[in-house]
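Source file target_37.cif; content: mmCIF, N, CA and C atoms.
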data_upload
#
loop_
_atom_site.label_atom_id
_atom_site.label_comp_id
_atom_site.auth_asym_id
_atom_site.auth_seq_id
_atom_site.Cartn_x
_atom_site.Cartn_y
_atom_site.Cartn_z
N MET A 28 29.65 -17.61 -20.47
CA MET A 28 30.27 -18.42 -19.46
C MET A 28 29.34 -19.56 -19.10
N GLU A 29 29.85 -20.75 -19.29
CA GLU A 29 29.05 -21.93 -19.02
C GLU A 29 28.84 -22.12 -17.53
N GLY A 30 27.63 -22.63 -17.19
CA GLY A 30 27.33 -22.93 -15.79
C GLY A 30 26.85 -21.74 -14.98
N MET A 31 26.94 -20.56 -15.55
CA MET A 31 26.48 -19.38 -14.81
C MET A 31 25.07 -19.04 -15.28
N GLU A 32 24.18 -18.86 -14.31
CA GLU A 32 22.82 -18.51 -14.64
C GLU A 32 22.64 -17.01 -14.60
N LYS A 33 21.81 -16.52 -15.48
CA LYS A 33 21.52 -15.10 -15.51
C LYS A 33 20.54 -14.77 -14.38
N VAL A 34 20.84 -13.77 -13.59
CA VAL A 34 19.97 -13.36 -12.50
C VAL A 34 19.09 -12.23 -13.01
N VAL A 35 17.80 -12.41 -12.86
CA VAL A 35 16.84 -11.41 -13.31
C VAL A 35 16.21 -10.77 -12.08
N GLN A 36 16.29 -9.46 -12.01
CA GLN A 36 15.67 -8.73 -10.91
C GLN A 36 14.21 -8.48 -11.25
N VAL A 37 13.34 -8.85 -10.35
CA VAL A 37 11.91 -8.67 -10.56
C VAL A 37 11.46 -7.40 -9.84
N GLU A 38 10.75 -6.54 -10.57
CA GLU A 38 10.22 -5.31 -9.99
C GLU A 38 8.95 -5.63 -9.21
N PRO A 39 8.61 -4.80 -8.22
CA PRO A 39 7.35 -5.01 -7.50
C PRO A 39 6.16 -4.96 -8.45
N ASN A 40 5.16 -5.74 -8.16
CA ASN A 40 3.98 -5.80 -9.00
C ASN A 40 2.78 -5.41 -8.16
N TYR A 41 2.02 -4.40 -8.59
CA TYR A 41 0.87 -3.93 -7.85
C TYR A 41 -0.37 -4.09 -8.70
N TYR A 42 -1.48 -4.34 -8.04
CA TYR A 42 -2.75 -4.47 -8.73
C TYR A 42 -3.40 -3.12 -8.90
N ALA A 43 -4.05 -2.92 -10.04
CA ALA A 43 -4.85 -1.73 -10.29
C ALA A 43 -6.29 -2.06 -9.96
N ILE A 44 -6.97 -1.12 -9.32
CA ILE A 44 -8.36 -1.33 -8.94
C ILE A 44 -9.19 -0.20 -9.55
N ILE A 45 -10.23 -0.58 -10.29
CA ILE A 45 -11.16 0.39 -10.85
C ILE A 45 -12.55 0.00 -10.39
N PRO A 46 -13.06 0.66 -9.35
CA PRO A 46 -14.38 0.28 -8.82
C PRO A 46 -15.50 0.65 -9.78
N ALA A 47 -16.66 0.04 -9.59
CA ALA A 47 -17.81 0.24 -10.47
C ALA A 47 -18.20 1.71 -10.55
N CYS A 48 -18.12 2.44 -9.45
CA CYS A 48 -18.53 3.85 -9.48
C CYS A 48 -17.63 4.68 -10.40
N VAL A 49 -16.43 4.22 -10.66
CA VAL A 49 -15.54 4.89 -11.63
C VAL A 49 -15.82 4.34 -13.02
N ARG A 50 -15.87 3.00 -13.14
CA ARG A 50 -16.07 2.37 -14.46
C ARG A 50 -17.32 2.84 -15.16
N TYR A 51 -18.42 3.03 -14.42
CA TYR A 51 -19.70 3.35 -15.04
C TYR A 51 -20.07 4.81 -14.95
N ASN A 52 -19.12 5.66 -14.62
CA ASN A 52 -19.37 7.10 -14.54
C ASN A 52 -19.31 7.68 -15.95
N ASP A 53 -20.42 8.25 -16.40
CA ASP A 53 -20.51 8.79 -17.77
C ASP A 53 -19.76 10.11 -17.94
N ASN A 54 -19.33 10.73 -16.85
CA ASN A 54 -18.64 12.03 -16.93
C ASN A 54 -17.12 11.88 -17.03
N ILE A 55 -16.64 10.66 -17.03
CA ILE A 55 -15.20 10.41 -17.07
C ILE A 55 -14.86 9.71 -18.39
N PRO A 56 -13.89 10.25 -19.16
CA PRO A 56 -13.48 9.57 -20.40
C PRO A 56 -12.94 8.17 -20.11
N ALA A 57 -13.08 7.27 -21.06
CA ALA A 57 -12.66 5.88 -20.87
C ALA A 57 -11.20 5.76 -20.42
N ASN A 58 -10.31 6.52 -21.04
CA ASN A 58 -8.90 6.41 -20.66
C ASN A 58 -8.61 7.02 -19.29
N ALA A 59 -9.45 7.93 -18.83
CA ALA A 59 -9.30 8.46 -17.47
C ALA A 59 -9.63 7.37 -16.45
N LYS A 60 -10.51 6.46 -16.81
CA LYS A 60 -10.85 5.33 -15.94
C LYS A 60 -9.65 4.40 -15.82
N LEU A 61 -8.97 4.18 -16.93
CA LEU A 61 -7.74 3.39 -16.92
C LEU A 61 -6.67 4.10 -16.09
N LEU A 62 -6.59 5.41 -16.25
CA LEU A 62 -5.64 6.20 -15.46
C LEU A 62 -5.94 6.07 -13.97
N TYR A 63 -7.21 6.04 -13.59
CA TYR A 63 -7.58 5.85 -12.19
C TYR A 63 -6.98 4.54 -11.67
N GLY A 64 -7.07 3.49 -12.47
CA GLY A 64 -6.47 2.22 -12.09
C GLY A 64 -4.97 2.34 -11.88
N GLU A 65 -4.32 3.08 -12.76
CA GLU A 65 -2.87 3.31 -12.62
C GLU A 65 -2.57 4.05 -11.33
N ILE A 66 -3.39 5.05 -11.01
CA ILE A 66 -3.18 5.82 -9.78
C ILE A 66 -3.37 4.91 -8.56
N THR A 67 -4.36 4.00 -8.60
CA THR A 67 -4.54 3.08 -7.46
C THR A 67 -3.31 2.21 -7.27
N ALA A 68 -2.72 1.77 -8.38
CA ALA A 68 -1.51 0.94 -8.27
C ALA A 68 -0.35 1.75 -7.70
N LEU A 69 -0.19 2.99 -8.15
CA LEU A 69 0.91 3.83 -7.67
C LEU A 69 0.72 4.22 -6.20
N CYS A 70 -0.54 4.35 -5.77
CA CYS A 70 -0.83 4.72 -4.38
C CYS A 70 -0.71 3.53 -3.43
N ASN A 71 -0.58 2.35 -3.97
CA ASN A 71 -0.57 1.14 -3.17
C ASN A 71 0.54 1.12 -2.12
N LYS A 72 1.67 1.69 -2.43
CA LYS A 72 2.82 1.61 -1.53
C LYS A 72 2.74 2.61 -0.37
N LYS A 73 2.42 3.87 -0.65
CA LYS A 73 2.45 4.91 0.38
C LYS A 73 1.08 5.53 0.68
N GLY A 74 0.06 5.18 -0.08
CA GLY A 74 -1.25 5.77 0.11
C GLY A 74 -1.47 7.01 -0.74
N PHE A 75 -0.45 7.44 -1.45
CA PHE A 75 -0.52 8.56 -2.38
C PHE A 75 0.56 8.34 -3.42
N CYS A 76 0.53 9.15 -4.49
CA CYS A 76 1.59 9.06 -5.49
C CYS A 76 2.03 10.44 -5.93
N TYR A 77 3.20 10.51 -6.53
CA TYR A 77 3.79 11.77 -6.99
C TYR A 77 3.74 11.92 -8.51
N ALA A 78 3.12 11.02 -9.23
CA ALA A 78 3.20 11.00 -10.69
C ALA A 78 2.72 12.32 -11.30
N SER A 79 3.46 12.76 -12.28
CA SER A 79 3.13 14.02 -12.98
C SER A 79 2.29 13.73 -14.22
N ASN A 80 1.68 14.77 -14.76
CA ASN A 80 0.94 14.62 -16.02
C ASN A 80 1.88 14.18 -17.13
N LYS A 81 3.12 14.65 -17.09
CA LYS A 81 4.12 14.25 -18.09
C LYS A 81 4.39 12.74 -18.00
N TYR A 82 4.48 12.22 -16.78
CA TYR A 82 4.68 10.78 -16.59
C TYR A 82 3.50 10.00 -17.19
N PHE A 83 2.26 10.43 -16.84
CA PHE A 83 1.08 9.74 -17.36
C PHE A 83 1.01 9.84 -18.88
N ALA A 84 1.33 11.01 -19.42
CA ALA A 84 1.29 11.21 -20.87
C ALA A 84 2.26 10.26 -21.57
N LYS A 85 3.46 10.15 -21.06
CA LYS A 85 4.46 9.25 -21.64
C LYS A 85 4.02 7.79 -21.51
N LEU A 86 3.47 7.44 -20.36
CA LEU A 86 3.03 6.07 -20.11
C LEU A 86 1.95 5.63 -21.10
N TYR A 87 1.01 6.53 -21.40
CA TYR A 87 -0.10 6.20 -22.28
C TYR A 87 0.06 6.71 -23.71
N GLY A 88 1.18 7.35 -24.02
CA GLY A 88 1.45 7.79 -25.38
C GLY A 88 0.51 8.87 -25.86
N VAL A 89 0.22 9.83 -24.97
CA VAL A 89 -0.68 10.94 -25.32
C VAL A 89 0.01 12.26 -24.98
N ALA A 90 -0.62 13.36 -25.38
CA ALA A 90 -0.09 14.69 -25.07
C ALA A 90 -0.29 15.01 -23.58
N ASN A 91 0.57 15.88 -23.07
CA ASN A 91 0.47 16.27 -21.66
C ASN A 91 -0.90 16.84 -21.32
N ASN A 92 -1.46 17.66 -22.23
CA ASN A 92 -2.76 18.26 -21.93
C ASN A 92 -3.88 17.21 -21.90
N THR A 93 -3.72 16.12 -22.62
CA THR A 93 -4.70 15.03 -22.57
C THR A 93 -4.65 14.35 -21.21
N ALA A 94 -3.44 14.03 -20.75
CA ALA A 94 -3.29 13.43 -19.42
C ALA A 94 -3.83 14.38 -18.35
N SER A 95 -3.56 15.67 -18.52
CA SER A 95 -4.05 16.67 -17.57
C SER A 95 -5.58 16.70 -17.53
N SER A 96 -6.22 16.59 -18.69
CA SER A 96 -7.69 16.60 -18.72
C SER A 96 -8.26 15.34 -18.06
N TRP A 97 -7.58 14.20 -18.20
CA TRP A 97 -8.03 12.98 -17.54
C TRP A 97 -7.95 13.14 -16.02
N VAL A 98 -6.82 13.68 -15.56
CA VAL A 98 -6.65 13.92 -14.12
C VAL A 98 -7.73 14.87 -13.63
N SER A 99 -7.96 15.94 -14.36
CA SER A 99 -8.99 16.92 -13.98
C SER A 99 -10.37 16.29 -13.89
N SER A 100 -10.69 15.39 -14.82
CA SER A 100 -12.01 14.75 -14.78
C SER A 100 -12.16 13.89 -13.52
N LEU A 101 -11.08 13.25 -13.10
CA LEU A 101 -11.12 12.45 -11.87
C LEU A 101 -11.25 13.33 -10.63
N VAL A 102 -10.59 14.49 -10.66
CA VAL A 102 -10.72 15.47 -9.56
C VAL A 102 -12.13 16.02 -9.53
N ASN A 103 -12.65 16.42 -10.69
CA ASN A 103 -13.98 17.03 -10.76
C ASN A 103 -15.09 16.10 -10.30
N GLU A 104 -14.91 14.81 -10.52
CA GLU A 104 -15.90 13.82 -10.08
C GLU A 104 -15.65 13.37 -8.63
N GLY A 105 -14.57 13.85 -8.02
CA GLY A 105 -14.31 13.56 -6.62
C GLY A 105 -13.65 12.22 -6.34
N PHE A 106 -13.03 11.60 -7.36
CA PHE A 106 -12.39 10.30 -7.15
C PHE A 106 -10.96 10.41 -6.67
N ILE A 107 -10.30 11.53 -6.96
CA ILE A 107 -8.95 11.77 -6.46
C ILE A 107 -8.88 13.20 -5.94
N ARG A 108 -7.91 13.45 -5.09
CA ARG A 108 -7.62 14.83 -4.68
C ARG A 108 -6.14 15.06 -4.86
N ILE A 109 -5.81 16.31 -5.12
CA ILE A 109 -4.42 16.68 -5.41
C ILE A 109 -4.01 17.80 -4.48
N HIS A 110 -2.76 17.72 -4.02
CA HIS A 110 -2.16 18.80 -3.24
C HIS A 110 -0.79 19.10 -3.84
N VAL A 111 -0.54 20.37 -4.12
CA VAL A 111 0.77 20.80 -4.61
C VAL A 111 1.46 21.51 -3.45
N ASP A 112 2.60 20.97 -3.04
CA ASP A 112 3.36 21.52 -1.92
C ASP A 112 4.36 22.54 -2.46
N GLN A 113 4.02 23.80 -2.31
CA GLN A 113 4.88 24.88 -2.81
C GLN A 113 6.18 24.97 -2.02
N ASP A 114 6.17 24.52 -0.77
CA ASP A 114 7.38 24.55 0.04
C ASP A 114 8.34 23.43 -0.33
N ASP A 115 7.87 22.47 -1.12
CA ASP A 115 8.70 21.32 -1.53
C ASP A 115 8.87 21.32 -3.04
N GLY A 116 9.13 22.50 -3.62
CA GLY A 116 9.40 22.59 -5.05
C GLY A 116 8.21 22.29 -5.93
N ASN A 117 7.01 22.61 -5.46
CA ASN A 117 5.77 22.36 -6.20
C ASN A 117 5.54 20.88 -6.50
N LYS A 118 5.97 20.03 -5.57
CA LYS A 118 5.76 18.60 -5.74
C LYS A 118 4.27 18.28 -5.54
N ARG A 119 3.71 17.53 -6.48
CA ARG A 119 2.29 17.19 -6.43
C ARG A 119 2.10 15.82 -5.80
N LYS A 120 1.11 15.72 -4.92
CA LYS A 120 0.70 14.43 -4.37
C LYS A 120 -0.74 14.18 -4.80
N ILE A 121 -1.01 12.93 -5.18
CA ILE A 121 -2.36 12.51 -5.57
C ILE A 121 -2.83 11.45 -4.59
N TRP A 122 -4.03 11.65 -4.04
CA TRP A 122 -4.65 10.67 -3.15
C TRP A 122 -5.96 10.21 -3.77
N LEU A 123 -6.34 8.97 -3.47
CA LEU A 123 -7.69 8.51 -3.77
C LEU A 123 -8.60 9.08 -2.69
N THR A 124 -9.84 9.37 -3.04
CA THR A 124 -10.77 9.94 -2.06
C THR A 124 -11.78 8.89 -1.60
N SER A 125 -12.48 9.23 -0.56
CA SER A 125 -13.50 8.33 -0.04
C SER A 125 -14.91 8.86 -0.31
N LYS A 126 -15.04 9.78 -1.26
CA LYS A 126 -16.33 10.37 -1.59
C LYS A 126 -17.38 9.33 -1.92
N HIS A 127 -16.99 8.29 -2.59
CA HIS A 127 -17.94 7.28 -3.05
C HIS A 127 -17.84 6.00 -2.22
N ASN A 128 -17.60 6.18 -0.91
CA ASN A 128 -17.47 5.05 0.02
C ASN A 128 -16.33 4.12 -0.35
N LEU A 129 -15.28 4.69 -0.93
CA LEU A 129 -14.08 3.93 -1.20
C LEU A 129 -13.09 4.20 -0.08
N PRO A 130 -12.24 3.26 0.24
CA PRO A 130 -11.25 3.54 1.28
C PRO A 130 -10.29 4.64 0.84
N GLU A 131 -9.88 5.50 1.76
CA GLU A 131 -8.91 6.56 1.47
C GLU A 131 -7.58 5.87 1.20
N GLY A 132 -7.05 6.00 0.02
CA GLY A 132 -5.83 5.28 -0.35
C GLY A 132 -6.19 3.82 -0.60
N ILE A 133 -5.21 3.01 -0.82
CA ILE A 133 -5.43 1.58 -0.99
C ILE A 133 -4.92 0.90 0.26
N ASN A 134 -5.83 0.65 1.16
CA ASN A 134 -5.47 0.07 2.45
C ASN A 134 -6.06 -1.32 2.57
N CYS A 135 -5.77 -2.18 1.63
CA CYS A 135 -6.29 -3.53 1.69
C CYS A 135 -5.13 -4.50 1.52
N LEU A 136 -5.36 -5.72 1.93
CA LEU A 136 -4.36 -6.76 1.77
C LEU A 136 -4.86 -7.74 0.73
N LEU A 137 -3.98 -8.23 -0.11
CA LEU A 137 -4.36 -9.19 -1.14
C LEU A 137 -3.79 -10.54 -0.76
N TYR A 138 -4.66 -11.52 -0.62
CA TYR A 138 -4.24 -12.88 -0.30
C TYR A 138 -4.46 -13.75 -1.53
N THR A 139 -3.54 -14.66 -1.79
CA THR A 139 -3.69 -15.56 -2.93
C THR A 139 -3.83 -17.00 -2.45
N SER A 140 -4.24 -17.18 -1.21
CA SER A 140 -4.46 -18.52 -0.68
C SER A 140 -5.80 -18.54 0.03
N ASP A 141 -6.14 -19.65 0.63
CA ASP A 141 -7.39 -19.76 1.37
C ASP A 141 -7.26 -19.24 2.80
N ALA A 142 -6.15 -18.58 3.12
CA ALA A 142 -5.92 -18.09 4.47
C ALA A 142 -6.96 -17.05 4.90
N ALA A 143 -7.58 -16.40 3.94
CA ALA A 143 -8.54 -15.34 4.27
C ALA A 143 -9.98 -15.84 4.28
N ASP A 144 -10.19 -17.14 4.13
CA ASP A 144 -11.55 -17.65 4.01
C ASP A 144 -12.44 -17.33 5.20
N ASP A 145 -11.89 -17.20 6.39
CA ASP A 145 -12.70 -16.96 7.58
C ASP A 145 -12.83 -15.49 7.93
N THR A 146 -12.42 -14.59 7.04
CA THR A 146 -12.49 -13.17 7.33
C THR A 146 -13.42 -12.48 6.34
N PRO A 147 -14.01 -11.33 6.73
CA PRO A 147 -14.83 -10.59 5.76
C PRO A 147 -13.95 -10.08 4.62
N CYS A 148 -14.32 -10.39 3.41
CA CYS A 148 -13.47 -10.00 2.29
C CYS A 148 -14.26 -10.08 1.00
N VAL A 149 -13.62 -9.68 -0.08
CA VAL A 149 -14.18 -9.79 -1.42
C VAL A 149 -13.45 -10.91 -2.13
N ASP A 150 -14.20 -11.84 -2.70
CA ASP A 150 -13.61 -12.97 -3.40
C ASP A 150 -13.29 -12.56 -4.83
N LEU A 151 -12.04 -12.73 -5.23
CA LEU A 151 -11.62 -12.40 -6.58
C LEU A 151 -11.17 -13.65 -7.32
N GLY A 152 -11.94 -14.72 -7.17
CA GLY A 152 -11.62 -15.96 -7.88
C GLY A 152 -10.32 -16.58 -7.41
N GLY A 153 -10.22 -16.89 -6.15
CA GLY A 153 -9.00 -17.46 -5.59
C GLY A 153 -8.14 -16.46 -4.88
N ARG A 154 -8.43 -15.18 -5.05
CA ARG A 154 -7.71 -14.13 -4.34
C ARG A 154 -8.70 -13.44 -3.42
N ARG A 155 -8.26 -12.95 -2.32
CA ARG A 155 -9.15 -12.28 -1.38
C ARG A 155 -8.63 -10.89 -1.08
N ILE A 156 -9.51 -9.90 -1.16
CA ILE A 156 -9.16 -8.55 -0.72
C ILE A 156 -9.93 -8.28 0.56
N ILE A 157 -9.20 -7.92 1.61
CA ILE A 157 -9.87 -7.60 2.88
C ILE A 157 -9.57 -6.18 3.27
#

Represent the structure from my file as structure tokens, please.
Amino acid sequence: MEGMEKVVQVEPNYYAIIPACVRYNDNIPANAKLLYGEITALCNKKGFCYASNKYFAKLYGVANNTASSWVSSLVNEGFIRIHVDQDDGNKRKIWLTSKHNLPEGINCLLYTSDAADDTPCVDLGGRRII
């Protein structure tokens, strides 16, 4: 049909954050570090996420037990914590931890203008995290 434009729905876009204490930890496999970034992005909306090992396995094209071992390595190093709610059908929640002086969850605002110049923040090359 001429004159009609196609409407494209844009999904929300979240940033993944992998702090240095995760990136340079020798006890965590490389792909578990990437998974940590994915978890930070998923936690951005509510402060926790519900993603299963099956979801992570499908996302990264690996076996479920591989995704499970990555999650376990992040738990063992204290970067995430997990709670399984047996009263809610064994639904799992994953939170980021503050063991390494990281904020509990992702509680920061991302600015892409100079509006944050007068506030304490981290400069990300034109973007500011406060």

Give one line per residue of region 80-131 of chain A that approaches region 45-56 of chain A to at most 8 Å, naming the two atoms of the closest pair and their distance in Å to one decimal, counting all atoms listed in the file; sort by chain then ascending residue number and deliver it as JSON lines.
{"residue": "A:Ser96", "atom": "C", "partner": "A:Pro56", "partner_atom": "N", "distance": 7.7}
{"residue": "A:Trp97", "atom": "CA", "partner": "A:Pro56", "partner_atom": "N", "distance": 6.7}
{"residue": "A:Ser100", "atom": "C", "partner": "A:Ile55", "partner_atom": "CA", "distance": 5.8}
{"residue": "A:Leu101", "atom": "N", "partner": "A:Ile55", "partner_atom": "CA", "distance": 6.4}
{"residue": "A:Glu104", "atom": "CA", "partner": "A:Asn54", "partner_atom": "C", "distance": 7.3}
{"residue": "A:Phe106", "atom": "CA", "partner": "A:Val49", "partner_atom": "CA", "distance": 7.7}
{"residue": "A:His127", "atom": "CA", "partner": "A:Cys48", "partner_atom": "CA", "distance": 7.3}

Practice problem: For atom N of Asn103 (chain A) and CA of Tyr41 (chain A), quote the distance in Å rounded to one decimal. | Solution: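 Here the two named atoms are 24.6 Å from each other.
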
Quiz item: Contacts of Gly105 (chain A) at 8 Å or less, counting only N, CA and C atoms, minus same-chain residues fewer than 3 places along, as number ranges by chain?
Solution: A: 99-102, 108, 123-127

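With only C-alpha atoms taken into account, every residue lying no more than 12 Å from the file point (-5.5, 11.5, -22.7) is included here: Ile55, Pro56, Ala57, Asn58, Ala59, Lys60, Leu61, Leu62, Asn80, Lys81, Tyr82, Phe83, Ala84, Lys85, Leu86, Tyr87, Gly88, Val89, Ala90, Asn91, Asn92, Thr93, Ala94, Ser95, Ser96, Trp97, Val98, Ser99 and Ser100 of chain A.
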
Quiz prompt | Near-Arg119 (chain A) list (6.5 Å; only N, CA and C atoms; drop same-chain fewer than 6 positions) as a ChimeraX atom specification | solution = /A:76-78,110-112

Quiz prompt | For CA of Ile107 (chain A) and CA of Ala43 (chain A), the interatomic separation in Å (one decimal) | solution =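 Rounded to one decimal, the two atoms are 14.6 Å apart.
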
Quiz item: Applied to the shown file, which residues does the PyMOL selection byres (((chain A and resi 69 and name CA) around 12) and name CA) return, written as JSON, numbers by chain?
Solution: {"A": [39, 40, 41, 42, 43, 44, 62, 63, 64, 65, 66, 67, 68, 70, 71, 72, 73, 74, 75, 76, 77, 78, 79, 82, 83, 120, 121, 122, 123, 132, 133]}

Atoms kept (N, CA and C atoms) for selection, written as a CSV table (one decimal), keeping the file's coordinate frame:
chain,number,residue,atom,x,y,z
A,39,PRO,N,8.6,-4.8,-8.2
A,39,PRO,CA,7.4,-5.0,-7.5
A,39,PRO,C,6.2,-5.0,-8.4
A,40,ASN,N,5.2,-5.7,-8.2
A,40,ASN,CA,4.0,-5.8,-9.0
A,40,ASN,C,2.8,-5.4,-8.2
A,41,TYR,N,2.0,-4.4,-8.6
A,41,TYR,CA,0.9,-3.9,-7.8
A,41,TYR,C,-0.4,-4.1,-8.7
A,42,TYR,N,-1.5,-4.3,-8.0
A,42,TYR,CA,-2.8,-4.5,-8.7
A,42,TYR,C,-3.4,-3.1,-8.9
A,43,ALA,N,-4.0,-2.9,-10.0
A,43,ALA,CA,-4.8,-1.7,-10.3
A,43,ALA,C,-6.3,-2.1,-10.0
A,44,ILE,N,-7.0,-1.1,-9.3
A,44,ILE,CA,-8.4,-1.3,-8.9
A,44,ILE,C,-9.2,-0.2,-9.6
A,62,LEU,N,-6.6,5.4,-16.2
A,62,LEU,CA,-5.6,6.2,-15.5
A,62,LEU,C,-5.9,6.1,-14.0
A,63,TYR,N,-7.2,6.0,-13.6
A,63,TYR,CA,-7.6,5.8,-12.2
A,63,TYR,C,-7.0,4.5,-11.7
A,64,GLY,N,-7.1,3.5,-12.5
A,64,GLY,CA,-6.5,2.2,-12.1
A,64,GLY,C,-5.0,2.3,-11.9
A,65,GLU,N,-4.3,3.1,-12.8
A,65,GLU,CA,-2.9,3.3,-12.6
A,65,GLU,C,-2.6,4.0,-11.3
A,66,ILE,N,-3.4,5.0,-11.0
A,66,ILE,CA,-3.2,5.8,-9.8
A,66,ILE,C,-3.4,4.9,-8.6
A,67,THR,N,-4.4,4.0,-8.6
A,67,THR,CA,-4.5,3.1,-7.5
A,67,THR,C,-3.3,2.2,-7.3
A,68,ALA,N,-2.7,1.8,-8.4
A,68,ALA,CA,-1.5,0.9,-8.3
A,68,ALA,C,-0.4,1.8,-7.7
A,70,CYS,N,-0.5,4.4,-5.8
A,70,CYS,CA,-0.8,4.7,-4.4
A,70,CYS,C,-0.7,3.5,-3.4
A,71,ASN,N,-0.6,2.4,-4.0
A,71,ASN,CA,-0.6,1.1,-3.2
A,71,ASN,C,0.5,1.1,-2.1
A,72,LYS,N,1.7,1.7,-2.4
A,72,LYS,CA,2.8,1.6,-1.5
A,72,LYS,C,2.7,2.6,-0.4
A,73,LYS,N,2.4,3.9,-0.6
A,73,LYS,CA,2.4,4.9,0.4
A,73,LYS,C,1.1,5.5,0.7
A,74,GLY,N,0.1,5.2,-0.1
A,74,GLY,CA,-1.2,5.8,0.1
A,74,GLY,C,-1.5,7.0,-0.7
A,75,PHE,N,-0.4,7.4,-1.4
A,75,PHE,CA,-0.5,8.6,-2.4
A,75,PHE,C,0.6,8.3,-3.4
A,76,CYS,N,0.5,9.2,-4.5
A,76,CYS,CA,1.6,9.1,-5.5
A,76,CYS,C,2.0,10.4,-5.9
A,77,TYR,N,3.2,10.5,-6.5
A,77,TYR,CA,3.8,11.8,-7.0
A,77,TYR,C,3.7,11.9,-8.5
A,78,ALA,N,3.1,11.0,-9.2
A,78,ALA,CA,3.2,11.0,-10.7
A,78,ALA,C,2.7,12.3,-11.3
A,79,SER,N,3.5,12.8,-12.3
A,79,SER,CA,3.1,14.0,-13.0
A,79,SER,C,2.3,13.7,-14.2
A,82,TYR,N,4.5,12.2,-16.8
A,82,TYR,CA,4.7,10.8,-16.6
A,82,TYR,C,3.5,10.0,-17.2
A,83,PHE,N,2.3,10.4,-16.8
A,83,PHE,CA,1.1,9.7,-17.4
A,83,PHE,C,1.0,9.8,-18.9
A,120,LYS,N,1.1,15.7,-4.9
A,120,LYS,CA,0.7,14.4,-4.4
A,120,LYS,C,-0.7,14.2,-4.8
A,121,ILE,N,-1.0,12.9,-5.2
A,121,ILE,CA,-2.4,12.5,-5.6
A,121,ILE,C,-2.8,11.4,-4.6
A,122,TRP,N,-4.0,11.6,-4.0
A,122,TRP,CA,-4.6,10.7,-3.2
A,122,TRP,C,-6.0,10.2,-3.8
A,123,LEU,N,-6.3,9.0,-3.5
A,123,LEU,CA,-7.7,8.5,-3.8
A,123,LEU,C,-8.6,9.1,-2.7
A,132,GLY,N,-7.0,6.0,0.0
A,132,GLY,CA,-5.8,5.3,-0.4
A,132,GLY,C,-6.2,3.8,-0.6
A,133,ILE,N,-5.2,3.0,-0.8
A,133,ILE,CA,-5.4,1.6,-1.0
A,133,ILE,C,-4.9,0.9,0.3

Practice problem: Enumerate, as a ChimeraX atom specification, the complete set of residues in region 80-120 of chain A that a backbone-based DSSP assignment places in helix (DSSP H, G or I). | Solution: /A:80-87,91-103,113-115
